[in-house]
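**Student:** Data file query_26.pdb (PDB, C-alpha atoms, pLDDT in the B column) is appended below.
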```pdb
ATOM      1  CA  MET V  96     -15.875 -14.164  13.572  1.00 47.00           C
ATOM      2  CA  PRO V  97     -12.962 -16.629  13.634  1.00 53.00           C
ATOM      3  CA  GLU V  98     -10.011 -15.644  15.799  1.00 53.00           C
ATOM      4  CA  GLU V  99      -7.574 -15.707  12.828  1.00 58.00           C
ATOM      5  CA  ASP V 100      -9.589 -12.930  11.104  1.00 79.00           C
ATOM      6  CA  LEU V 101      -8.796 -10.506  13.925  1.00 84.00           C
ATOM      7  CA  VAL V 102      -5.631  -8.428  13.988  1.00 85.00           C
ATOM      8  CA  ASP V 103      -4.168  -6.426  16.881  1.00 88.00           C
ATOM      9  CA  ILE V 104      -2.804  -3.062  15.727  1.00 90.00           C
ATOM     10  CA  LYS V 105      -0.940  -0.380  17.666  1.00 92.00           C
ATOM     11  CA  PHE V 106      -0.385   3.083  16.201  1.00 93.00           C
ATOM     12  CA  ARG V 107       3.020   4.714  16.858  1.00 93.00           C
ATOM     13  CA  LEU V 108       2.977   8.515  16.880  1.00 91.00           C
ATOM     14  CA  TYR V 109       5.721  10.977  15.935  1.00 88.00           C
ATOM     15  CA  ASP V 110       6.941  11.339  19.523  1.00 89.00           C
ATOM     16  CA  GLY V 111       7.197   7.594  20.189  1.00 90.00           C
ATOM     17  CA  SER V 112       3.937   7.323  22.131  1.00 91.00           C
ATOM     18  CA  ASP V 113       1.273   4.824  21.077  1.00 92.00           C
ATOM     19  CA  ILE V 114      -2.456   4.654  20.511  1.00 91.00           C
ATOM     20  CA  GLY V 115      -3.850   1.196  21.134  1.00 87.00           C
ATOM     21  CA  PRO V 116      -3.525  -1.685  20.648  1.00 90.00           C
ATOM     22  CA  PHE V 117      -6.950  -2.274  19.157  1.00 91.00           C
ATOM     23  CA  ARG V 118      -8.398  -5.397  17.605  1.00 91.00           C
ATOM     24  CA  TYR V 119      -9.658  -5.106  14.019  1.00 90.00           C
ATOM     25  CA  SER V 120     -11.198  -7.445  11.513  1.00 89.00           C
ATOM     26  CA  SER V 121      -9.062  -8.226   8.456  1.00 87.00           C
ATOM     27  CA  ALA V 122     -11.896  -6.674   6.419  1.00 90.00           C
ATOM     28  CA  SER V 123     -11.503  -3.263   8.136  1.00 91.00           C
ATOM     29  CA  THR V 124     -10.268  -0.550   5.797  1.00 92.00           C
ATOM     30  CA  VAL V 125      -7.346   1.806   6.335  1.00 92.00           C
ATOM     31  CA  ASP V 126      -9.922   4.609   6.246  1.00 93.00           C
ATOM     32  CA  MET V 127     -11.597   3.084   9.313  1.00 93.00           C
ATOM     33  CA  LEU V 128      -8.234   2.915  11.113  1.00 93.00           C
ATOM     34  CA  LYS V 129      -7.603   6.602  10.396  1.00 93.00           C
ATOM     35  CA  GLN V 130     -11.018   7.531  11.787  1.00 93.00           C
ATOM     36  CA  ARG V 131     -10.134   5.706  15.001  1.00 93.00           C
ATOM     37  CA  ILE V 132      -6.771   7.468  15.201  1.00 93.00           C
ATOM     38  CA  ILE V 133      -8.376  10.912  14.890  1.00 92.00           C
ATOM     39  CA  SER V 134     -11.061  10.122  17.467  1.00 92.00           C
ATOM     40  CA  ASP V 135      -8.521   8.702  19.965  1.00 91.00           C
ATOM     41  CA  TRP V 136      -5.744  11.257  19.338  1.00 92.00           C
ATOM     42  CA  PRO V 137      -4.159  12.198  22.691  1.00 91.00           C
ATOM     43  CA  LYS V 138      -5.002  15.676  23.976  1.00 89.00           C
ATOM     44  CA  GLY V 139      -2.159  18.139  24.366  1.00 86.00           C
ATOM     45  CA  LYS V 140      -0.033  16.987  21.411  1.00 86.00           C
ATOM     46  CA  THR V 141       1.576  19.827  19.462  1.00 84.00           C
ATOM     47  CA  VAL V 142       0.601  18.215  16.151  1.00 86.00           C
ATOM     48  CA  ALA V 143      -2.929  16.885  15.755  1.00 87.00           C
ATOM     49  CA  PRO V 144      -4.770  15.800  12.593  1.00 88.00           C
ATOM     50  CA  LYS V 145      -8.001  17.591  11.733  1.00 86.00           C
ATOM     51  CA  ALA V 146      -9.072  15.407   8.775  1.00 88.00           C
ATOM     52  CA  LEU V 147      -8.465  11.921   7.404  1.00 87.00           C
ATOM     53  CA  ASN V 148      -6.413  13.187   4.478  1.00 89.00           C
ATOM     54  CA  GLU V 149      -3.862  14.636   6.933  1.00 91.00           C
ATOM     55  CA  VAL V 150      -3.076  11.167   8.336  1.00 92.00           C
ATOM     56  CA  LYS V 151      -0.697   8.748   6.632  1.00 92.00           C
ATOM     57  CA  LEU V 152      -0.342   5.204   7.937  1.00 92.00           C
ATOM     58  CA  ILE V 153       2.909   3.369   7.280  1.00 91.00           C
ATOM     59  CA  SER V 154       3.333  -0.375   7.685  1.00 88.00           C
ATOM     60  CA  SER V 155       6.412  -2.319   6.596  1.00 84.00           C
ATOM     61  CA  GLY V 156       7.779   0.809   4.930  1.00 87.00           C
ATOM     62  CA  LYS V 157       4.722   1.386   2.738  1.00 89.00           C
ATOM     63  CA  ILE V 158       2.145   4.174   2.889  1.00 90.00           C
ATOM     64  CA  LEU V 159      -1.243   2.468   3.067  1.00 91.00           C
ATOM     65  CA  ASP V 160      -4.097   3.411   0.719  1.00 91.00           C
ATOM     66  CA  ASN V 161      -7.451   4.315   2.296  1.00 90.00           C
ATOM     67  CA  ASN V 162      -9.398   1.745   0.280  1.00 90.00           C
ATOM     68  CA  LYS V 163      -7.164  -1.211   1.217  1.00 90.00           C
ATOM     69  CA  THR V 164      -8.215  -3.611   3.937  1.00 90.00           C
ATOM     70  CA  VAL V 165      -6.115  -4.619   6.927  1.00 87.00           C
ATOM     71  CA  GLY V 166      -5.874  -8.113   5.428  1.00 84.00           C
ATOM     72  CA  GLN V 167      -4.442  -6.703   2.191  1.00 83.00           C
ATOM     73  CA  CYS V 168      -1.871  -4.611   4.056  1.00 80.00           C
ATOM     74  CA  ARG V 169      -0.465  -7.400   6.214  1.00 72.00           C
ATOM     75  CA  THR V 170       2.926  -8.780   5.375  1.00 67.00           C
ATOM     76  CA  PRO V 171       2.956 -12.535   5.865  1.00 59.00           C
ATOM     77  CA  PHE V 172       6.652 -12.809   6.677  1.00 49.00           C
ATOM     78  CA  GLY V 173       8.018 -11.753  10.018  1.00 49.00           C
ATOM     79  CA  GLU V 174       4.680 -11.757  11.822  1.00 54.00           C
ATOM     80  CA  VAL V 175       4.495 -13.590  15.087  1.00 55.00           C
ATOM     81  CA  ALA V 176       1.279 -15.475  15.777  1.00 55.00           C
ATOM     82  CA  GLY V 177      -0.683 -13.441  18.292  1.00 60.00           C
ATOM     83  CA  GLY V 178       1.701 -10.496  17.865  1.00 77.00           C
ATOM     84  CA  ILE V 179       0.724  -6.858  17.563  1.00 84.00           C
ATOM     85  CA  ILE V 180       1.251  -5.035  14.283  1.00 86.00           C
ATOM     86  CA  ILE V 181       2.732  -1.560  14.754  1.00 88.00           C
ATOM     87  CA  MET V 182       1.770   1.055  12.179  1.00 90.00           C
ATOM     88  CA  HIS V 183       3.486   4.419  12.130  1.00 92.00           C
ATOM     89  CA  VAL V 184       1.315   7.520  11.991  1.00 93.00           C
ATOM     90  CA  VAL V 185       2.465  10.600  10.080  1.00 92.00           C
ATOM     91  CA  VAL V 186       0.441  13.800  10.272  1.00 91.00           C
ATOM     92  CA  GLN V 187       0.783  15.901   7.155  1.00 86.00           C
ATOM     93  CA  PRO V 188      -1.296  19.104   7.348  1.00 78.00           C
ATOM     94  CA  SER V 189      -3.149  19.957   4.175  1.00 69.00           C
ATOM     95  CA  LEU V 190      -1.337  22.173   1.663  1.00 65.00           C
ATOM     96  CA  ALA V 191      -4.062  24.844   1.687  1.00 53.00           C
ATOM     97  CA  LYS V 192      -3.721  25.252   5.454  1.00 52.00           C
ATOM     98  CA  MET V 193       0.063  25.509   5.221  1.00 52.00           C
ATOM     99  CA  LYS V 194      -0.161  28.207   2.528  1.00 53.00           C
ATOM    100  CA  THR V 195      -2.447  30.379   4.637  1.00 52.00           C
ATOM    101  CA  GLU V 196      -0.164  30.086   7.652  1.00 54.00           C
ATOM    102  CA  LYS V 197       2.999  31.042   5.764  1.00 54.00           C
ATOM    103  CA  LYS V 198       3.864  34.679   5.310  1.00 55.00           C
ATOM    104  CA  ILE V 199       3.717  35.476   1.648  1.00 54.00           C
ATOM    105  CA  ASN V 200       6.392  37.790   0.327  1.00 59.00           C
ATOM    106  CA  ASN V 201       4.671  39.989  -2.264  1.00 61.00           C
ATOM    107  CA  SER V 202       7.673  42.202  -2.973  1.00 61.00           C
ATOM    108  CA  PRO V 203       8.716  42.285  -6.642  1.00 66.00           C
ATOM    109  CA  ARG V 204      11.476  39.926  -7.561  1.00 61.00           C
ATOM    110  CA  LYS V 205      14.479  40.938  -9.542  1.00 60.00           C
ATOM    111  CA  LEU V 206      16.061  38.592 -12.023  1.00 57.00           C
ATOM    112  CA  VAL V 207      19.774  38.994 -12.510  1.00 55.00           C
ATOM    113  CA  CYS V 208      21.742  37.368 -15.264  1.00 53.00           C
ATOM    114  CA  SER V 209      25.440  37.710 -15.830  1.00 51.00           C
ATOM    115  CA  CYS V 210      27.107  36.492 -18.985  1.00 55.00           C
ATOM    116  CA  SER V 211      30.746  36.649 -19.880  1.00 55.00           C
ATOM    117  CA  ILE V 212      32.140  36.408 -23.391  1.00 60.00           C
ATOM    118  CA  LEU V 213      35.657  35.099 -23.751  1.00 53.00           C
TER     119      LEU V 213
END
```
How does this structure look as structure tokens?
**Tutor:**
Amino acid sequence: MPEEDLVDIKFRLYDGSDIGPFRYSSASTVDMLKQRIISDWPKGKTVAPKALNEVKLISSGKILDNNKTVGQCRTPFGEVAGGIIIMHVVVQPSLAKMKTEKKINNSPRKLVCSCSIL
């Protein structure tokens, strides 16, 4: 594989710590990157992803789609030859999990309407 087809990527976590850098082919998908992040997630973090759909990768201010390749996500301007691309990692727990963890208030709600006639 030619050297120019390889990209060094570092993943920046919510607390400022990093995972990587790792070297990927330009043909690697964002899905593959997320799998690596989950498998290499540091132990002891208060927030940890359980599934791929809980991980969002952000590069150059854009949330990356799972089916895109690393080559498609690269921004040609501002990159330094031989530099490391930093992607930000956001963990967003699934909505179903969040609903089960929240206390649900089942008390009846009262609607109040006040109208004034002048």
**Student:** I'd like the residues picked by the PyMOL selection byres ((chain V and resi 149) around 9) written out as an NGL selection string, using the chain letters and numbers from the file.
**Tutor:** :V and (144-148 or 150-151 or 185-189)
**Student:** Which residues are close to V:Gly178, i.e. within 10 Å by only C-alpha atoms, leaving aside same-chain residues fewer than 6 positions away? Reply as a list in words.
**Tutor:**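 Selected residues are Val102, Asp103 and Ile104 of chain V.
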**Student:** When the PyMOL selection byres ((chain V and resi 167) around 10) is applied to the file above, which residues end up in the set, as a ChimeraX atom specification?
**Tutor:** /V:121-125,159,162-166,168-170
**Student:** How would the residues just chosen look if you wrote them out with C-alpha atoms as a PDB file, in the coordinates of the input?
**Tutor:**
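Output file again.pdb is given in full below:
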```pdb
ATOM      1  CA  SER V 121      -9.062  -8.226   8.456  1.00 87.00           C
ATOM      2  CA  ALA V 122     -11.896  -6.674   6.419  1.00 90.00           C
ATOM      3  CA  SER V 123     -11.503  -3.263   8.136  1.00 91.00           C
ATOM      4  CA  THR V 124     -10.268  -0.550   5.797  1.00 92.00           C
ATOM      5  CA  VAL V 125      -7.346   1.806   6.335  1.00 92.00           C
ATOM      6  CA  LEU V 159      -1.243   2.468   3.067  1.00 91.00           C
ATOM      7  CA  ASN V 162      -9.398   1.745   0.280  1.00 90.00           C
ATOM      8  CA  LYS V 163      -7.164  -1.211   1.217  1.00 90.00           C
ATOM      9  CA  THR V 164      -8.215  -3.611   3.937  1.00 90.00           C
ATOM     10  CA  VAL V 165      -6.115  -4.619   6.927  1.00 87.00           C
ATOM     11  CA  GLY V 166      -5.874  -8.113   5.428  1.00 84.00           C
ATOM     12  CA  CYS V 168      -1.871  -4.611   4.056  1.00 80.00           C
ATOM     13  CA  ARG V 169      -0.465  -7.400   6.214  1.00 72.00           C
ATOM     14  CA  THR V 170       2.926  -8.780   5.375  1.00 67.00           C
TER      15      THR V 170
END
```
**Student:** For the structure provided, state which residues fall under the PyMOL selection byres ((chain V and resi 135) around 12), and present them as number ranges by chain.
**Tutor:** V: 106, 108, 113-117, 128-134, 136-138, 140, 143-144
**Student:** Atom CA of V:Asn161 and atom CA of V:Ser112 are how many Å apart?
**Tutor:** 23.1 Å
**Student:** What's the separation between atom CA of V:Tyr119 and atom CA of V:Ile179, in Å to one decimal place?
**Tutor:**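 Distance between the two atoms: 11.1 Å.
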**Student:** Nearest residue to V:Thr141 out of V:Tyr109, V:Asp126, V:Asp100, V:Ile180, using all atoms listed in the file?
**Tutor:**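 Nearest to V:Thr141: V:Tyr109.
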**Student:** Determine the nearest neighbour of V:Ile153 from the options V:Arg107, V:Arg118, V:Gly139, V:Met182, counting only C-alpha atoms.
**Tutor:** V:Met182
**Student:** Emit as lines of an AutoDock Vina configuration file the padded axis-aligned box for all listed atoms of stretch 112-123 of chain V, 8 Å per side, with centre and edge lengths in Å to one decimal.
**Tutor:**
```
center_x = -4.0
center_y = -0.5
center_z = 14.3
size_x = 31.8
size_y = 31.5
size_z = 31.7
```
